file entry.json (JSON, C-alpha atoms (C1' of nucleotides))
[["chain", "number", "residue", "atom", "x", "y", "z"],
["A", 1, "MET", "CA", 19.01, 12.94, 5.04],
["A", 2, "VAL", "CA", 15.42, 14.12, 5.10],
["A", 3, "ASP", "CA", 14.53, 17.68, 4.25],
["A", 4, "ARG", "CA", 11.23, 19.21, 5.32],
["A", 5, "GLU", "CA", 11.57, 21.90, 2.68],
["A", 6, "ALA", "CA", 12.18, 19.42, -0.12],
["A", 7, "GLY", "CA", 8.59, 19.39, -1.29],
["A", 8, "ARG", "CA", 8.63, 15.63, -0.99],
["A", 9, "ALA", "CA", 6.75, 13.80, 1.73],
["A", 10, "LEU", "CA", 8.86, 12.81, 4.73],
["A", 11, "HIS", "CA", 7.84, 9.17, 4.53],
["A", 12, "ARG", "CA", 8.74, 9.02, 0.85],
["A", 13, "GLN", "CA", 12.14, 10.48, 1.56],
["A", 14, "LEU", "CA", 12.77, 7.94, 4.30],
["A", 15, "ALA", "CA", 11.54, 5.16, 2.03],
["A", 16, "ASP", "CA", 14.06, 6.33, -0.58],
["A", 17, "LEU", "CA", 16.88, 6.18, 1.97],
["A", 18, "LEU", "CA", 15.95, 2.71, 3.17],
["A", 19, "ARG", "CA", 15.38, 1.44, -0.36],
["A", 20, "ASP", "CA", 18.84, 2.61, -1.34],
["A", 21, "GLN", "CA", 20.35, 0.79, 1.63],
["A", 22, "ILE", "CA", 18.59, -2.40, 0.62],
["A", 23, "THR", "CA", 19.31, -2.30, -3.09],
["A", 24, "SER", "CA", 22.92, -1.28, -2.48],
["A", 25, "GLY", "CA", 23.43, -4.15, -0.05],
["A", 26, "THR", "CA", 24.09, -2.03, 3.02],
["A", 27, "LEU", "CA", 21.07, -3.86, 4.39],
["A", 28, "GLY", "CA", 21.07, -7.48, 3.28],
["A", 29, "PRO", "CA", 18.40, -10.19, 3.26],
["A", 30, "GLY", "CA", 17.46, -11.15, 6.79],
["A", 31, "ASP", "CA", 18.85, -7.97, 8.33],
["A", 32, "ARG", "CA", 16.52, -6.20, 10.69],
["A", 33, "LEU", "CA", 15.67, -2.52, 10.53],
["A", 34, "PRO", "CA", 16.04, -0.39, 13.64],
["A", 35, "ALA", "CA", 12.80, -0.15, 15.64],
["A", 36, "GLU", "CA", 10.21, 2.35, 14.48],
["A", 37, "ASP", "CA", 10.75, 4.56, 17.52],
["A", 38, "TYR", "CA", 14.48, 4.63, 16.89],
["A", 39, "LEU", "CA", 14.01, 5.61, 13.24],
["A", 40, "ALA", "CA", 11.54, 8.30, 14.26],
["A", 41, "GLN", "CA", 14.07, 9.87, 16.63],
["A", 42, "THR", "CA", 16.99, 9.46, 14.24],
["A", 43, "TYR", "CA", 15.27, 11.11, 11.30],
["A", 44, "ASP", "CA", 13.29, 13.55, 13.44],
["A", 45, "MET", "CA", 9.85, 12.55, 12.27],
["A", 46, "SER", "CA", 6.83, 10.94, 13.89],
["A", 47, "ARG", "CA", 6.46, 7.21, 14.22],
["A", 48, "THR", "CA", 3.45, 7.55, 11.94],
["A", 49, "ALA", "CA", 5.66, 8.84, 9.13],
["A", 50, "VAL", "CA", 8.18, 6.06, 9.74],
["A", 51, "ARG", "CA", 5.45, 3.45, 9.54],
["A", 52, "ARG", "CA", 4.22, 4.87, 6.27],
["A", 53, "ALA", "CA", 7.73, 4.69, 4.83],
["A", 54, "ILE", "CA", 8.09, 1.06, 5.87],
["A", 55, "GLU", "CA", 4.65, 0.28, 4.50],
["A", 56, "LEU", "CA", 5.69, 1.50, 1.06],
["A", 57, "LEU", "CA", 8.65, -0.87, 1.05],
["A", 58, "VAL", "CA", 6.53, -3.77, 2.27],
["A", 59, "TYR", "CA", 4.29, -3.26, -0.75],
["A", 60, "GLU", "CA", 7.36, -3.18, -2.97],
["A", 61, "GLY", "CA", 8.26, -6.61, -1.64],
["A", 62, "LEU", "CA", 11.44, -5.41, 0.05],
["A", 63, "LEU", "CA", 10.47, -5.75, 3.72],
["A", 64, "ILE", "CA", 8.61, -8.21, 5.92],
["A", 65, "LYS", "CA", 6.80, -7.10, 9.05],
["A", 66, "ALA", "CA", 5.88, -9.15, 12.08],
["A", 67, "ARG", "CA", 4.40, -7.87, 15.28],
["A", 68, "GLY", "CA", 6.80, -7.84, 18.22],
["A", 69, "LEU", "CA", 9.79, -8.57, 15.98],
["A", 70, "ARG", "CA", 11.67, -5.92, 14.15],
["A", 71, "THR", "CA", 11.01, -5.39, 10.49],
["A", 72, "GLN", "CA", 13.20, -7.55, 8.33],
["A", 73, "VAL", "CA", 14.72, -7.23, 4.87],
["A", 74, "ARG", "CA", 13.07, -9.86, 2.80],
["A", 75, "GLU", "CA", 14.94, -12.93, 1.63],
["A", 76, "GLN", "CA", 14.47, -13.47, -2.06],
["A", 77, "PRO", "CA", 13.35, -17.05, -2.63],
["A", 78, "VAL", "CA", 15.02, -19.30, -5.16],
["A", 79, "ARG", "CA", 12.95, -19.15, -8.30],
["A", 80, "GLN", "CA", 11.41, -22.35, -9.55],
["A", 81, "VAL", "CA", 10.94, -22.71, -13.30],
["A", 82, "VAL", "CA", 7.42, -22.90, -14.66],
["A", 83, "LEU", "CA", 7.24, -24.27, -18.18],
["A", 84, "LEU", "CA", 4.81, -22.74, -20.63],
["A", 85, "ASN", "CA", 3.63, -25.05, -23.41],
["A", 86, "ALA", "CA", 2.13, -23.95, -26.70],
["A", 87, "GLU", "CA", -1.44, -22.68, -26.17],
["A", 88, "ASP", "CA", -0.80, -22.07, -22.47],
["A", 89, "THR", "CA", -1.02, -18.50, -21.21],
["A", 90, "ALA", "CA", 0.31, -16.77, -18.12],
["A", 91, "GLU", "CA", -0.74, -13.55, -16.41],
["A", 92, "THR", "CA", 0.34, -11.71, -13.29],
["A", 93, "ARG", "CA", -1.67, -9.66, -10.81],
["A", 94, "MET", "CA", -1.84, -8.81, -7.11],
["A", 95, "PRO", "CA", -3.75, -11.25, -4.92],
["A", 96, "GLY", "CA", -6.52, -10.22, -2.56],
["A", 97, "GLU", "CA", -5.78, -10.60, 1.13],
["A", 98, "ALA", "CA", -7.61, -13.91, 1.52],
["A", 99, "GLU", "CA", -5.92, -15.41, -1.51],
["A", 100, "ARG", "CA", -2.54, -14.14, -0.35],
["A", 101, "LEU", "CA", -2.94, -15.76, 3.07],
["A", 102, "ALA", "CA", -4.20, -18.98, 1.51],
["A", 103, "LEU", "CA", -1.09, -19.18, -0.64],
["A", 104, "GLY", "CA", 1.12, -18.24, 2.29],
["A", 105, "ILE", "CA", 2.87, -15.40, 0.52],
["A", 106, "PRO", "CA", 3.79, -12.03, 2.02],
["A", 107, "ALA", "CA", 2.33, -8.64, 1.13],
["A", 108, "GLY", "CA", 4.05, -7.07, -1.84],
["A", 109, "GLU", "CA", 4.28, -10.26, -3.82],
["A", 110, "PRO", "CA", 2.34, -10.72, -7.05],
["A", 111, "VAL", "CA", 0.88, -14.03, -8.13],
["A", 112, "LEU", "CA", 1.45, -15.73, -11.44],
["A", 113, "VAL", "CA", -1.59, -17.41, -12.99],
["A", 114, "VAL", "CA", -0.98, -20.05, -15.64],
["A", 115, "ARG", "CA", -3.86, -21.27, -17.77],
["A", 116, "ARG", "CA", -3.10, -24.61, -19.38],
["A", 117, "MET", "CA", -4.65, -25.54, -22.68],
["A", 118, "THR", "CA", -6.29, -28.40, -20.81],
["A", 119, "GLY", "CA", -8.34, -25.84, -18.94],
["A", 120, "GLU", "CA", -6.52, -26.18, -15.62],
["A", 121, "THR", "CA", -5.40, -23.08, -13.80],
["A", 122, "GLU", "CA", -2.27, -22.90, -11.64],
["A", 123, "VAL", "CA", -1.43, -20.08, -9.23],
["A", 124, "TYR", "CA", 2.14, -19.46, -8.12],
["A", 125, "ALA", "CA", 3.93, -17.07, -5.80],
["A", 126, "GLY", "CA", 5.28, -14.59, -8.31],
["A", 127, "ALA", "CA", 8.62, -13.91, -6.66],
["A", 128, "ALA", "CA", 9.39, -17.63, -6.57],
["A", 129, "THR", "CA", 8.93, -18.47, -10.23],
["A", 130, "THR", "CA", 10.70, -18.02, -13.53],
["A", 131, "ILE", "CA", 8.70, -18.60, -16.67],
["A", 132, "ARG", "CA", 10.24, -20.39, -19.58],
["A", 133, "ALA", "CA", 8.84, -21.64, -22.89],
["A", 134, "ALA", "CA", 8.82, -25.42, -23.14],
["A", 135, "GLY", "CA", 10.70, -27.11, -25.96],
["B", 1, "MET", "CA", -21.64, -4.37, 8.17],
["B", 2, "VAL", "CA", -18.63, -3.81, 10.39],
["B", 3, "ASP", "CA", -18.46, -5.32, 13.82],
["B", 4, "ARG", "CA", -16.15, -3.94, 16.47],
["B", 5, "GLU", "CA", -16.34, -7.18, 18.41],
["B", 6, "ALA", "CA", -15.42, -9.31, 15.43],
["B", 7, "GLY", "CA", -11.76, -9.55, 16.34],
["B", 8, "ARG", "CA", -10.92, -8.30, 12.87],
["B", 9, "ALA", "CA", -9.53, -4.84, 12.23],
["B", 10, "LEU", "CA", -12.12, -2.29, 11.16],
["B", 11, "HIS", "CA", -10.22, -1.30, 8.05],
["B", 12, "ARG", "CA", -9.91, -4.94, 6.96],
["B", 13, "GLN", "CA", -13.64, -5.42, 7.41],
["B", 14, "LEU", "CA", -14.39, -2.34, 5.33],
["B", 15, "ALA", "CA", -11.89, -3.48, 2.70],
["B", 16, "ASP", "CA", -13.74, -6.81, 2.56],
["B", 17, "LEU", "CA", -17.05, -5.03, 1.99],
["B", 18, "LEU", "CA", -15.68, -2.80, -0.74],
["B", 19, "ARG", "CA", -13.78, -5.66, -2.38],
["B", 20, "ASP", "CA", -16.98, -7.68, -2.52],
["B", 21, "GLN", "CA", -18.81, -4.78, -4.18],
["B", 22, "ILE", "CA", -16.08, -4.50, -6.79],
["B", 23, "THR", "CA", -15.68, -8.18, -7.58],
["B", 24, "SER", "CA", -19.45, -8.69, -7.63],
["B", 25, "GLY", "CA", -19.91, -5.80, -10.03],
["B", 26, "THR", "CA", -21.96, -3.59, -7.71],
["B", 27, "LEU", "CA", -19.10, -1.15, -8.25],
["B", 28, "GLY", "CA", -17.86, -1.28, -11.82],
["B", 29, "PRO", "CA", -14.71, 0.00, -13.52],
["B", 30, "GLY", "CA", -14.64, 3.78, -13.51],
["B", 31, "ASP", "CA", -17.17, 4.10, -10.71],
["B", 32, "ARG", "CA", -16.17, 6.42, -7.90],
["B", 33, "LEU", "CA", -16.29, 5.52, -4.24],
["B", 34, "PRO", "CA", -18.07, 7.80, -1.79],
["B", 35, "ALA", "CA", -15.77, 10.36, -0.19],
["B", 36, "GLU", "CA", -13.66, 9.22, 2.74],
["B", 37, "ASP", "CA", -15.61, 11.39, 5.19],
["B", 38, "TYR", "CA", -18.88, 9.94, 3.98],
["B", 39, "LEU", "CA", -17.63, 6.36, 4.37],
["B", 40, "ALA", "CA", -16.33, 7.21, 7.82],
["B", 41, "GLN", "CA", -19.76, 8.45, 8.91],
["B", 42, "THR", "CA", -21.63, 5.63, 7.20],
["B", 43, "TYR", "CA", -19.59, 2.85, 8.75],
["B", 44, "ASP", "CA", -19.04, 4.70, 12.02],
["B", 45, "MET", "CA", -15.27, 4.67, 11.94],
["B", 46, "SER", "CA", -12.55, 7.29, 11.67],
["B", 47, "ARG", "CA", -11.35, 8.67, 8.37],
["B", 48, "THR", "CA", -8.00, 7.10, 9.23],
["B", 49, "ALA", "CA", -9.55, 3.63, 9.24],
["B", 50, "VAL", "CA", -11.35, 4.33, 5.97],
["B", 51, "ARG", "CA", -8.11, 5.45, 4.35],
["B", 52, "ARG", "CA", -6.35, 2.28, 5.44],
["B", 53, "ALA", "CA", -9.12, 0.15, 3.97],
["B", 54, "ILE", "CA", -8.86, 1.96, 0.66],
["B", 55, "GLU", "CA", -5.08, 1.69, 0.77],
["B", 56, "LEU", "CA", -5.31, -2.10, 0.97],
["B", 57, "LEU", "CA", -7.44, -2.20, -2.17],
["B", 58, "VAL", "CA", -5.12, 0.19, -4.00],
["B", 59, "TYR", "CA", -2.29, -2.24, -3.35],
["B", 60, "GLU", "CA", -4.46, -5.06, -4.62],
["B", 61, "GLY", "CA", -4.82, -3.17, -7.88],
["B", 62, "LEU", "CA", -8.56, -2.63, -7.46],
["B", 63, "LEU", "CA", -8.67, 1.13, -6.83],
["B", 64, "ILE", "CA", -6.97, 4.26, -8.14],
["B", 65, "LYS", "CA", -6.49, 7.33, -5.98],
["B", 66, "ALA", "CA", -5.89, 10.92, -7.00],
["B", 67, "ARG", "CA", -5.90, 13.98, -4.82],
["B", 68, "GLY", "CA", -8.95, 16.18, -5.21],
["B", 69, "LEU", "CA", -10.83, 13.51, -7.14],
["B", 70, "ARG", "CA", -12.74, 10.72, -5.58],
["B", 71, "THR", "CA", -11.23, 7.28, -5.48],
["B", 72, "GLN", "CA", -12.08, 5.28, -8.56],
["B", 73, "VAL", "CA", -12.54, 1.61, -9.35],
["B", 74, "ARG", "CA", -9.74, 0.69, -11.66],
["B", 75, "GLU", "CA", -10.33, -0.07, -15.30],
["B", 76, "GLN", "CA", -8.67, -3.31, -16.29],
["B", 77, "PRO", "CA", -6.57, -2.72, -19.40],
["B", 78, "VAL", "CA", -6.76, -4.97, -22.44],
["B", 79, "ARG", "CA", -3.92, -7.43, -22.18],
["B", 80, "GLN", "CA", -1.32, -7.41, -24.91],
["B", 81, "VAL", "CA", 0.37, -10.72, -25.72],
["B", 82, "VAL", "CA", 4.08, -11.07, -25.03],
["B", 83, "LEU", "CA", 5.69, -13.98, -26.85],
["B", 84, "LEU", "CA", 8.31, -16.04, -25.08],
["B", 85, "ASN", "CA", 10.83, -17.76, -27.32],
["B", 86, "ALA", "CA", 12.98, -20.74, -26.37],
["B", 87, "GLU", "CA", 15.75, -19.66, -23.99],
["B", 88, "ASP", "CA", 13.86, -16.51, -22.99],
["B", 89, "THR", "CA", 12.76, -16.19, -19.37],
["B", 90, "ALA", "CA", 10.15, -14.05, -17.66],
["B", 91, "GLU", "CA", 9.77, -13.00, -14.03],
["B", 92, "THR", "CA", 7.35, -10.81, -12.11],
["B", 93, "ARG", "CA", 7.91, -8.50, -9.17],
["B", 94, "MET", "CA", 6.69, -5.22, -7.70],
["B", 95, "PRO", "CA", 8.37, -2.08, -9.02],
["B", 96, "GLY", "CA", 9.92, 0.58, -6.81],
["B", 97, "GLU", "CA", 8.18, 3.93, -6.77],
["B", 98, "ALA", "CA", 10.56, 5.58, -9.26],
["B", 99, "GLU", "CA", 10.31, 2.70, -11.69],
["B", 100, "ARG", "CA", 6.56, 2.62, -11.35],
["B", 101, "LEU", "CA", 6.24, 6.31, -12.17],
["B", 102, "ALA", "CA", 8.68, 5.99, -15.06],
["B", 103, "LEU", "CA", 6.55, 3.24, -16.55],
["B", 104, "GLY", "CA", 3.39, 5.20, -15.88],
["B", 105, "ILE", "CA", 1.62, 2.40, -14.04],
["B", 106, "PRO", "CA", -0.50, 2.73, -10.92],
["B", 107, "ALA", "CA", 0.28, 1.41, -7.44],
["B", 108, "GLY", "CA", -0.77, -2.20, -7.02],
["B", 109, "GLU", "CA", 0.43, -3.31, -10.42],
["B", 110, "PRO", "CA", 3.33, -5.73, -10.77],
["B", 111, "VAL", "CA", 5.82, -5.53, -13.61],
["B", 112, "LEU", "CA", 6.76, -8.35, -15.93],
["B", 113, "VAL", "CA", 10.44, -8.62, -16.79],
["B", 114, "VAL", "CA", 11.38, -10.59, -19.90],
["B", 115, "ARG", "CA", 14.99, -11.55, -20.50],
["B", 116, "ARG", "CA", 15.62, -12.41, -24.13],
["B", 117, "MET", "CA", 18.31, -14.89, -25.06],
["B", 118, "THR", "CA", 19.96, -12.01, -26.91],
["B", 119, "GLY", "CA", 20.63, -10.36, -23.57],
["B", 120, "GLU", "CA", 18.01, -7.65, -23.90],
["B", 121, "THR", "CA", 15.61, -6.99, -21.05],
["B", 122, "GLU", "CA", 12.02, -5.81, -21.50],
["B", 123, "VAL", "CA", 9.80, -4.48, -18.73],
["B", 124, "TYR", "CA", 6.02, -4.49, -19.08],
["B", 125, "ALA", "CA", 3.05, -3.36, -17.02],
["B", 126, "GLY", "CA", 1.99, -6.66, -15.52],
["B", 127, "ALA", "CA", -1.76, -6.14, -15.67],
["B", 128, "ALA", "CA", -1.56, -5.30, -19.37],
["B", 129, "THR", "CA", 0.21, -8.41, -20.63],
["B", 130, "THR", "CA", -0.50, -12.05, -21.30],
["B", 131, "ILE", "CA", 2.46, -14.34, -21.75],
["B", 132, "ARG", "CA", 2.41, -17.00, -24.41],
["B", 133, "ALA", "CA", 5.04, -19.41, -25.68],
["B", 134, "ALA", "CA", 6.09, -18.69, -29.25],
["B", 135, "GLY", "CA", 5.63, -21.36, -31.88],
["C", 1, "DC", "C1'", -10.14, 34.71, -13.77],
["C", 2, "DT", "C1'", -11.05, 34.20, -8.87],
["C", 3, "DT", "C1'", -13.26, 32.29, -5.11],
["C", 4, "DG", "C1'", -15.04, 28.77, -2.43],
["C", 5, "DA", "C1'", -16.35, 24.01, -1.57],
["C", 6, "DT", "C1'", -14.94, 19.40, -1.85],
["C", 7, "DT", "C1'", -11.69, 15.76, -1.50],
["C", 8, "DT", "C1'", -7.45, 13.51, -0.86],
["C", 9, "DG", "C1'", -2.41, 13.99, 1.17],
["C", 10, "DT", "C1'", 0.77, 14.82, 4.87],
["C", 11, "DA", "C1'", 1.97, 15.06, 9.68],
["C", 12, "DC", "C1'", 1.42, 15.16, 14.33],
["C", 13, "DG", "C1'", -0.34, 13.47, 18.83],
["C", 14, "DT", "C1'", -2.51, 10.04, 22.12],
["C", 15, "DA", "C1'", -4.10, 5.66, 23.88],
["C", 16, "DT", "C1'", -4.56, 0.87, 24.04],
["C", 17, "DG", "C1'", -4.06, -3.98, 22.29],
["C", 18, "DT", "C1'", -1.21, -8.00, 21.00],
["C", 19, "DA", "C1'", 2.90, -10.74, 19.99],
["C", 20, "DT", "C1'", 7.73, -11.74, 20.91],
["C", 21, "DT", "C1'", 11.78, -11.84, 23.59],
["D", 1, "DA", "C1'", 6.54, -11.11, 34.65],
["D", 2, "DA", "C1'", 8.61, -7.26, 32.28],
["D", 3, "DA", "C1'", 10.42, -4.90, 28.38],
["D", 4, "DT", "C1'", 10.28, -4.28, 23.56],
["D", 5, "DA", "C1'", 8.00, -3.64, 19.24],
["D", 6, "DC", "C1'", 4.43, -3.64, 15.97],
["D", 7, "DA", "C1'", -1.09, -3.03, 15.24],
["D", 8, "DT", "C1'", -5.27, -0.67, 15.69],
["D", 9, "DA", "C1'", -7.97, 3.42, 16.32],
["D", 10, "DC", "C1'", -9.11, 7.87, 17.45],
["D", 11, "DG", "C1'", -8.43, 12.85, 17.11],
["D", 12, "DT", "C1'", -6.59, 17.44, 15.09],
["D", 13, "DA", "C1'", -4.70, 20.58, 11.69],
["D", 14, "DC", "C1'", -3.24, 22.20, 7.51],
["D", 15, "DA", "C1'", -1.67, 21.54, 2.46],
["D", 16, "DA", "C1'", -2.67, 20.69, -2.28],
["D", 17, "DA", "C1'", -5.45, 19.42, -6.23],
["D", 18, "DT", "C1'", -9.87, 19.56, -8.49],
["D", 19, "DC", "C1'", -14.19, 21.32, -9.78],
["D", 20, "DA", "C1'", -18.04, 24.41, -9.88],
["D", 21, "DA", "C1'", -20.03, 28.91, -9.17]]

call {"tool": "encode", "arguments": {"input": "entry.json", "output": "structure tokens"}}
result
Amino acid sequence: MVDREAGRALHRQLADLLRDQITSGTLGPGDRLPAEDYLAQTYDMSRTAVRRAIELLVYEGLLIKARGLRTQVREQPVRQVVLLNAEDTAETRMPGEAERLALGIPAGEPVLVVRRMTGETEVYAGAATTIRAAG
Amino acid sequence: MVDREAGRALHRQLADLLRDQITSGTLGPGDRLPAEDYLAQTYDMSRTAVRRAIELLVYEGLLIKARGLRTQVREQPVRQVVLLNAEDTAETRMPGEAERLALGIPAGEPVLVVRRMTGETEVYAGAATTIRAAG
DNA sequence: CTTGATTTGTACGTATGTATT
DNA sequence: AAATACATACGTACAAATCAA
């Protein structure tokens, strides 16, 4: 489980455990985590440490938080294909908070910025797009 | 400055202020932020709130933290072009902590995953690549 | 080389606010 | 209305890394 003598921060150890459960499928998309208080008791750490662990996974795009609800394993959206023509370029980066809210995407999701040769710029939710070369 | 009656969390308000200084160029790449304690006194909030503000900007890819040093405005790397051939696809997502450390990229940077039609998979630091269609 | 000052990291506790069920 | 659960905000203490004397 978690080991206080491990030389690794408690919240990182818990994040590792939860990440494993998600990537292995023990926790599937849409599943809800136990409440923070429950996790704190179960793993014998403070709620603060639990929240830090969950925060790490939110920023990895694995979890979605909502106040009052329990934290949920994120559903991976179906990826829509974005075609890249000759002379177009695409870049990825993290959005600022305002931009993220404007696009309606959750924390932990990068954006994809496509610059068309026409000069137009398109911004996509990164987790919902697959890039492919046109032609 | 920050307004406790604004109905907006203190750490989000401070993050807004710092983000503005970075994007406007008042704080340039490589510049160091004041120490957390100093910011806490200056903006009359706890060190906890200051740390949360900084954390937001780290996850937006704007700041780099290291223990013992002061927090630094991130240098944006020169982007290297990745060519996408017909039948290749590219996707972006956030890396897990282990993957991120293995690739040697800081928190707040997405990865770019290219799947070649040959079956090979390439993983790049997202902030250091520009995608372009071959041909 | 060692010490001390500075600065960030981890971990705990408490209290109160807000959203959902 | 009440219970549950996450959000914000404060405080304390000590650990660990860095840098300068």

call {"tool": "closest_atom_pairs", "arguments": {"input": "entry.json", "of": "chain C", "to": "chain B", "cutoff": "9 Å", "atoms": "all atoms listed in the file", "output": "Markdown table"}}
result
| residue | atom | partner | partner_atom | distance |
| --- | --- | --- | --- | --- |
| C:DT6 | C1' | B:Gly68 | CA | 7.6 |
| C:DT7 | C1' | B:Gly68 | CA | 4.6 |
| C:DT8 | C1' | B:Arg67 | CA | 4.3 |
| C:DG9 | C1' | B:Arg67 | CA | 6.9 |

call {"tool": "write_last_selection", "arguments": {"input": "entry.json", "atoms": "C-alpha atoms (C1' of nucleotides)", "output": "compact mmCIF listing (two decimals), keeping the file's coordinate frame"}}
result
# COMPACT_ATOMS: atom_id res chain seq x y z
C1' DT C 6 -14.94 19.40 -1.85
C1' DT C 7 -11.69 15.76 -1.50
C1' DT C 8 -7.45 13.51 -0.86
C1' DG C 9 -2.41 13.99 1.17

call {"tool": "residues_around", "arguments": {"input": "entry.json", "residues": "Leu84 (chain A)", "least_positions_apart": "2", "cutoff": "8 Å", "atoms": "only C-alpha atoms (C1' of nucleotides)", "output": "JSON, numbers by chain"}}
result
{"A": [82, 86, 88, 89, 90, 131, 132, 133, 134], "B": [132, 133]}

call {"tool": "interface_residues", "arguments": {"input": "entry.json", "of": "chain D", "to": "chain B", "cutoff": "10 Å", "atoms": "only C-alpha atoms (C1' of nucleotides)", "output": "PyMOL selection string"}}
result
chain D and resi 7-11+16-19

call {"tool": "interface_residues", "arguments": {"input": "entry.json", "of": "chain B", "to": "chain A", "cutoff": "10 Å", "atoms": "all atoms listed in the file", "output": "MDAnalysis selection string"}}
result
chainID B and resid 12 15:16 19 56:57 59:62 79 81:98 107:114 125:135

call {"tool": "write_last_selection", "arguments": {"input": "entry.json", "atoms": "C-alpha atoms", "output": "CSV table (one decimal), keeping the file's coordinate frame"}}
result
chain,number,residue,atom,x,y,z
B,12,ARG,CA,-9.9,-4.9,7.0
B,15,ALA,CA,-11.9,-3.5,2.7
B,16,ASP,CA,-13.7,-6.8,2.6
B,19,ARG,CA,-13.8,-5.7,-2.4
B,56,LEU,CA,-5.3,-2.1,1.0
B,57,LEU,CA,-7.4,-2.2,-2.2
B,59,TYR,CA,-2.3,-2.2,-3.4
B,60,GLU,CA,-4.5,-5.1,-4.6
B,61,GLY,CA,-4.8,-3.2,-7.9
B,62,LEU,CA,-8.6,-2.6,-7.5
B,79,ARG,CA,-3.9,-7.4,-22.2
B,81,VAL,CA,0.4,-10.7,-25.7
B,82,VAL,CA,4.1,-11.1,-25.0
B,83,LEU,CA,5.7,-14.0,-26.8
B,84,LEU,CA,8.3,-16.0,-25.1
B,85,ASN,CA,10.8,-17.8,-27.3
B,86,ALA,CA,13.0,-20.7,-26.4
B,87,GLU,CA,15.8,-19.7,-24.0
B,88,ASP,CA,13.9,-16.5,-23.0
B,89,THR,CA,12.8,-16.2,-19.4
B,90,ALA,CA,10.2,-14.0,-17.7
B,91,GLU,CA,9.8,-13.0,-14.0
B,92,THR,CA,7.4,-10.8,-12.1
B,93,ARG,CA,7.9,-8.5,-9.2
B,94,MET,CA,6.7,-5.2,-7.7
B,95,PRO,CA,8.4,-2.1,-9.0
B,96,GLY,CA,9.9,0.6,-6.8
B,97,GLU,CA,8.2,3.9,-6.8
B,98,ALA,CA,10.6,5.6,-9.3
B,107,ALA,CA,0.3,1.4,-7.4
B,108,GLY,CA,-0.8,-2.2,-7.0
B,109,GLU,CA,0.4,-3.3,-10.4
B,110,PRO,CA,3.3,-5.7,-10.8
B,111,VAL,CA,5.8,-5.5,-13.6
B,112,LEU,CA,6.8,-8.4,-15.9
B,113,VAL,CA,10.4,-8.6,-16.8
B,114,VAL,CA,11.4,-10.6,-19.9
B,125,ALA,CA,3.0,-3.4,-17.0
B,126,GLY,CA,2.0,-6.7,-15.5
B,127,ALA,CA,-1.8,-6.1,-15.7
B,128,ALA,CA,-1.6,-5.3,-19.4
B,129,THR,CA,0.2,-8.4,-20.6
B,130,THR,CA,-0.5,-12.0,-21.3
B,131,ILE,CA,2.5,-14.3,-21.8
B,132,ARG,CA,2.4,-17.0,-24.4
B,133,ALA,CA,5.0,-19.4,-25.7
B,134,ALA,CA,6.1,-18.7,-29.2
B,135,GLY,CA,5.6,-21.4,-31.9

call {"tool": "atom_distance", "arguments": {"input": "entry.json", "atom1": "C1' of DT4 (chain D)", "atom2": "CA of Ala40 (chain A)"}}
result
15.7 Å

call {"tool": "atom_distance", "arguments": {"input": "entry.json", "atom1": "CA of Leu63 (chain A)", "atom2": "CA of Arg100 (chain B)"}}
result
17.7 Å

call {"tool": "atom_distance", "arguments": {"input": "entry.json", "atom1": "CA of Gly104 (chain A)", "atom2": "CA of Gln13 (chain B)"}}
result
20.2 Å

call {"tool": "build_atoms", "arguments": {"input": "entry.json", "residues": "region 42-51 of chain B", "atoms": "N, CA and C atoms", "output": "mmCIF file, in the coordinates of the input"}}
result
data_model
loop_
_atom_site.group_PDB
_atom_site.id
_atom_site.type_symbol
_atom_site.label_atom_id
_atom_site.label_comp_id
_atom_site.auth_asym_id
_atom_site.auth_seq_id
_atom_site.Cartn_x
_atom_site.Cartn_y
_atom_site.Cartn_z
ATOM 1 N N THR B 42 -20.735 6.736 7.497
ATOM 2 C CA THR B 42 -21.630 5.630 7.200
ATOM 3 C C THR B 42 -21.281 4.376 7.995
ATOM 4 N N TYR B 43 -20.005 4.086 8.079
ATOM 5 C CA TYR B 43 -19.590 2.850 8.750
ATOM 6 C C TYR B 43 -19.125 3.108 10.179
ATOM 7 N N ASP B 44 -19.335 4.351 10.639
ATOM 8 C CA ASP B 44 -19.040 4.700 12.020
ATOM 9 C C ASP B 44 -17.598 4.350 12.401
ATOM 10 N N MET B 45 -16.680 4.819 11.593
ATOM 11 C CA MET B 45 -15.270 4.670 11.940
ATOM 12 C C MET B 45 -14.548 5.947 11.541
ATOM 13 N N SER B 46 -13.289 6.060 11.954
ATOM 14 C CA SER B 46 -12.550 7.290 11.670
ATOM 15 C C SER B 46 -12.144 7.335 10.201
ATOM 16 N N ARG B 47 -11.834 8.529 9.742
ATOM 17 C CA ARG B 47 -11.350 8.670 8.370
ATOM 18 C C ARG B 47 -10.040 7.896 8.215
ATOM 19 N N THR B 48 -9.242 7.858 9.251
ATOM 20 C CA THR B 48 -8.000 7.100 9.230
ATOM 21 C C THR B 48 -8.247 5.637 8.862
ATOM 22 N N ALA B 49 -9.242 5.042 9.506
ATOM 23 C CA ALA B 49 -9.550 3.630 9.240
ATOM 24 C C ALA B 49 -10.038 3.448 7.808
ATOM 25 N N VAL B 50 -10.854 4.391 7.350
ATOM 26 C CA VAL B 50 -11.350 4.330 5.970
ATOM 27 C C VAL B 50 -10.178 4.379 4.999
ATOM 28 N N ARG B 51 -9.241 5.296 5.256
ATOM 29 C CA ARG B 51 -8.110 5.450 4.350
ATOM 30 C C ARG B 51 -7.262 4.179 4.294
#
